[in-house]
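Chemist: Below: one structure in structure tokens.
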Amino acid sequence: MTQKDSPPATDFIREIIEEDLKTNKHGGRVATRFPPEPNGYLHIGHAKSICLNFGIAAQYHGTCNLRMDDTDPSGESLEYVESIIQDVRWLGFDWQDRLFYASDYFEQLYEFAIQLIKKGKAYVCSLSADEIREYRGTLTEPGKESPYRNRSVEENLDLFSRMRAGEFEDGAHVLRAKIDMASPNITMRDPILYRIKRAHHYRTGTRWCIYPMYDFAHCLSDSIEKVTHSICTLEFENNRPLYDWILDQLDVDCHPQQIEFARLNLSYTILSKRRLIELVRKGYVTGWDDPRMPTIAGMRRRGYTPEAIRNFCVRIGVAKNENTVDMSLLEHCVREDLNERAPRVMAVLRPLRLIIDNYPEGQVEEIECPNHPQNPDMGSRRLPFSKVLYIEQDDFLEKPPKKYYRLAPGREVRLRYAYIVKCVGVVKDEKTGEVKEVHCTCDPETRNGPLPDGHKVEGVIHWVSADHSVPAEVRLYDRLFRVPDPTAERDDFTKYLNPRSLETLASCRVESGLKGAAPGSRYQFERLGYFCVDAKDSSSNKLVFNRIVSLRDSWAKIANQQQKNE
RNA sequence: UGGGGUGUCGUCAAGCGGUAAGACACAGGUCUUUGGAACCUGGAUGCGGAGGUUCGAAUCCUCCCACCCCAGCCA
């Protein structure tokens, strides 16, 4: 972690841990774990959990394990494992040699199941899936006991070992805990512990045809790893009695405490694995690392920094309230970080030729430009200035509205770090009326200094020398969805996809120094926003930049209001 | 109509019986060679509602209301 990360705020989980430390509940030990299922990529919601678990471990001098919760072979894969490892590491966390897999515990878990059977606390049930559902009862009605509930220990042992041996069809039997079919908590109505599933597991291959369920595997995995605080999300609150029940029946020397917190929701995006997979599979995005995705991989490619994401996770807090955090807070954290560290650079996204009529043809001056106006330590560079420049199309308007103080006929504007120029003419396309060129004169006295008579120019615009700049493609990314909560209505969330979430600008011009920029490096394009060299598509022949986030644009706000008032 | 949770500013979120932190967003302003950044100011007489206890309640009690989760051989 860097120093600029805010100090970890306290929260109810840390309070519990501090209390436990005070009472020496776990011998002063703090051990957490982050247990993703490798069936999808990690997203910003996982980042909250990662920061919580690893953050707590670091803060209290404990440990945090990375554990693949891979108990359901369907959908799990090595690709996901590798992405998870990469993402957690990229976020800045280290589990040293404690990368674990629930699938590594299959043998132990099986033994625990035997123990349960021997204690008369589990039985093999031969009801069909439909029957089990019927027997389970409803929210308001108690369930019925399975006719197989009172099989003898011997029979259960025999059946269970034959389940493992592959003697039965998928679904023919399950192992169930013998708890209470009348429990008001449905989780406790003889929950299924093991199912027969002939599926290839990405790690254990075909060694197993029975797989433990989450409730059975999770608490025991925690216990095996000697976790002290098992932090999970709210939807598992109903499962906590079962978590405790299983550990209470078995002969284990570690009984972790499960604590639940509210998962993160973010406006203008979705954070459900199922839906993210749908976006990828149906091609709404280019992949898990599409820069519009709320995945760690997507945000990394977009140019977000781990520091910004960690800081965001600190600032959103940890509590039990259902919450939807404003996307603007994430964007704020990204700007805050990048403002400090991104070197400034000149880039013109939508070029408009600006010709300085009174500037000598062929003359080139070197203009000294600081790489960061507030931080001289970041040095400076020299930018070529010449008669023909490119400026931003937005920075010239023939009929400027009120409060517009950029270039317009007869108006003056400062070319950043260079001269003040005055617009003396416009060349338009005869047919379309489109402005093709802007002609200006410049006052040689004003080079990078105040006007001689002291009067100031309000507008400052960025520029690039036509002959000395290089072409680039810039991808302008915006929010993935056009509404704050795409899943609010029951209908298809994809209809709320923002059609303008990506705009590709193919003929941008950037200062030539950017030619050798390393993939992933981040810059502020002056007055526009923060951009990074796309790690996948950019090359020395074809520069490709991603817009990470725009600068706050108070002119856009004014212009918007003016439009509304009309 | 069962059980488990949660309700404090637009959004997060502190508060733990002594008189409503902070952040983002928003609105004004200062400054400015980024309409950026930075800085300043403004906002809940109010804590889901109604009662009660108390000198004193967001904090304790009672009742009510709203929302979320649970009926996968998913996690």
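Chains: A, B, ... in order of the structure tokens. Residues: from 1 per chain. Ligands: from 1, in order shown.
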At most 7 Å is the cut-off: for each residue in chain B with any atom that close to an atom of chain A, write down the nearest atom pair and the distance in Å rounded to one decimal, counting only C-alpha atoms (C1' of nucleotides), chain first then increasing number, as CSV.
Modeler:
```
residue,atom,partner,partner_atom,distance
B:U1,C1',A:Thr140,CA,6.8
B:G2,C1',A:Thr140,CA,4.3
B:G3,C1',A:Pro184,CA,4.9
B:G4,C1',A:Asn238,CA,5.7
B:U6,C1',A:Asn321,CA,5.6
B:U11,C1',A:Asp326,CA,5.7
B:C12,C1',A:Ile316,CA,5.7
B:A13,C1',A:Gly317,CA,6.8
B:A23,C1',A:Arg315,CA,7.0
B:C24,C1',A:Leu329,CA,5.1
B:U33,C1',A:Arg416,CA,5.9
B:U34,C1',A:Arg527,CA,4.7
B:G35,C1',A:Trp555,CA,5.2
B:G36,C1',A:Arg527,CA,6.3
B:C69,C1',A:Glu235,CA,5.4
B:C70,C1',A:Asn238,CA,6.5
B:A71,C1',A:Thr138,CA,5.1
B:C73,C1',A:Arg195,CA,5.2
B:A75,C1',A:Tyr214,CA,6.3
```
Chemist: Using DSSP secondary structure from the backbone, list all strand (DSSP E) positions within range 275-442 of chain A, as a VMD selection string.
Modeler: chain A and resid 344 to 345 347 to 348 351 to 356 365 to 370 380 to 385 388 to 392 412 to 415 420 to 428 435 to 442
Chemist: Need the shell around A58 in chain B: protein/DNA/RNA residues with any atom at most 12 Å away, counting only C-alpha atoms (C1' of nucleotides). Skip same-chain ones fewer than 4 positions apart. Format as an MDAnalysis selection string?
Modeler: chainID B and resid 7:8 14:17 19:20 44 46:48
Chemist: List every residue of range 249-314 of chain A that DSSP, applied to the backbone of this structure, places in alpha helix (DSSP H), and write the result as an MDAnalysis selection string.
Modeler: chainID A and resid 249 273:281 296:302 306:314
Chemist: Show which residues sit within 10 Å of Asp87 in chain A, as a PyMOL selection string. Count only C-alpha atoms (C1' of nucleotides), and ignore same-chain residues fewer than 6 positions away.
Modeler: chain A and resi 41-43+47+81+93+295-297+300+306
Chemist: Quick one: write out the picked residues with C-alpha atoms as a PDB file, in the first residue's frame?
Modeler:
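Result file is again20.pdb:
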```
ATOM      1  CA  TYR A  41     -13.817 -12.525 -13.446  1.00  0.00           C
ATOM      2  CA  LEU A  42     -13.496 -10.414 -10.330  1.00  0.00           C
ATOM      3  CA  HIS A  43     -15.272  -7.059 -10.288  1.00  0.00           C
ATOM      4  CA  ALA A  47     -12.472  -5.495  -4.705  1.00  0.00           C
ATOM      5  CA  VAL A  81      -8.248 -18.923 -11.497  1.00  0.00           C
ATOM      6  CA  PHE A  93      -2.271  -7.753  -2.111  1.00  0.00           C
ATOM      7  CA  THR A 295     -14.317  -5.942 -13.699  1.00  0.00           C
ATOM      8  CA  ILE A 296     -10.873  -5.489 -12.239  1.00  0.00           C
ATOM      9  CA  ALA A 297      -9.481  -6.525 -15.616  1.00  0.00           C
ATOM     10  CA  ARG A 300      -7.074  -2.067 -15.283  1.00  0.00           C
ATOM     11  CA  PRO A 306      -5.022   0.036  -7.920  1.00  0.00           C
TER      12      PRO A 306
END
```
Chemist: Which neighbours of Pro370 in chain A fall inside 9 Å, counting only C-alpha atoms (C1' of nucleotides), when residues of the same chain fewer than 6 positions from it are skipped, and could you give them as a VMD selection string?
Modeler: chain A and resid 343 to 344 376 378 to 382 417
Chemist: So that I have them on file, write out the residues from the current selection with C-alpha atoms, as a PDB file, in the first residue's frame.
Modeler:
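Output file selection36.pdb is given in full below:
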```pdb
ATOM      1  CA  PRO A 343       2.127  13.830 -16.641  1.00  0.00           C
ATOM      2  CA  ARG A 344       0.359  16.446 -18.723  1.00  0.00           C
ATOM      3  CA  PRO A 376       8.127  20.969 -10.909  1.00  0.00           C
ATOM      4  CA  MET A 378       8.104  16.091 -12.855  1.00  0.00           C
ATOM      5  CA  GLY A 379      10.191  18.212 -15.180  1.00  0.00           C
ATOM      6  CA  SER A 380       9.308  19.720 -18.513  1.00  0.00           C
ATOM      7  CA  ARG A 381       9.581  19.075 -22.212  1.00  0.00           C
ATOM      8  CA  ARG A 382       9.887  21.213 -25.328  1.00  0.00           C
ATOM      9  CA  TYR A 417       2.163  27.900 -22.765  1.00  0.00           C
TER      10      TYR A 417
END
```
Chemist: Quick one: distance from CA of Cys369 in chain A to CA of Gly513 in chain A in Å, one decimal?
Modeler: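 CA of Gly513 in chain A lies 12.4 Å from CA of Cys369 in chain A.
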Chemist: Counting only C-alpha atoms (C1' of nucleotides), which residue out of B:G43, B:A21, B:U30, B:A50 sits closest to U62 in chain B?
Modeler: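 Ranking B:G43, B:A21, B:U30, B:A50 by distance to U62 in chain B, first place goes to B:A50.
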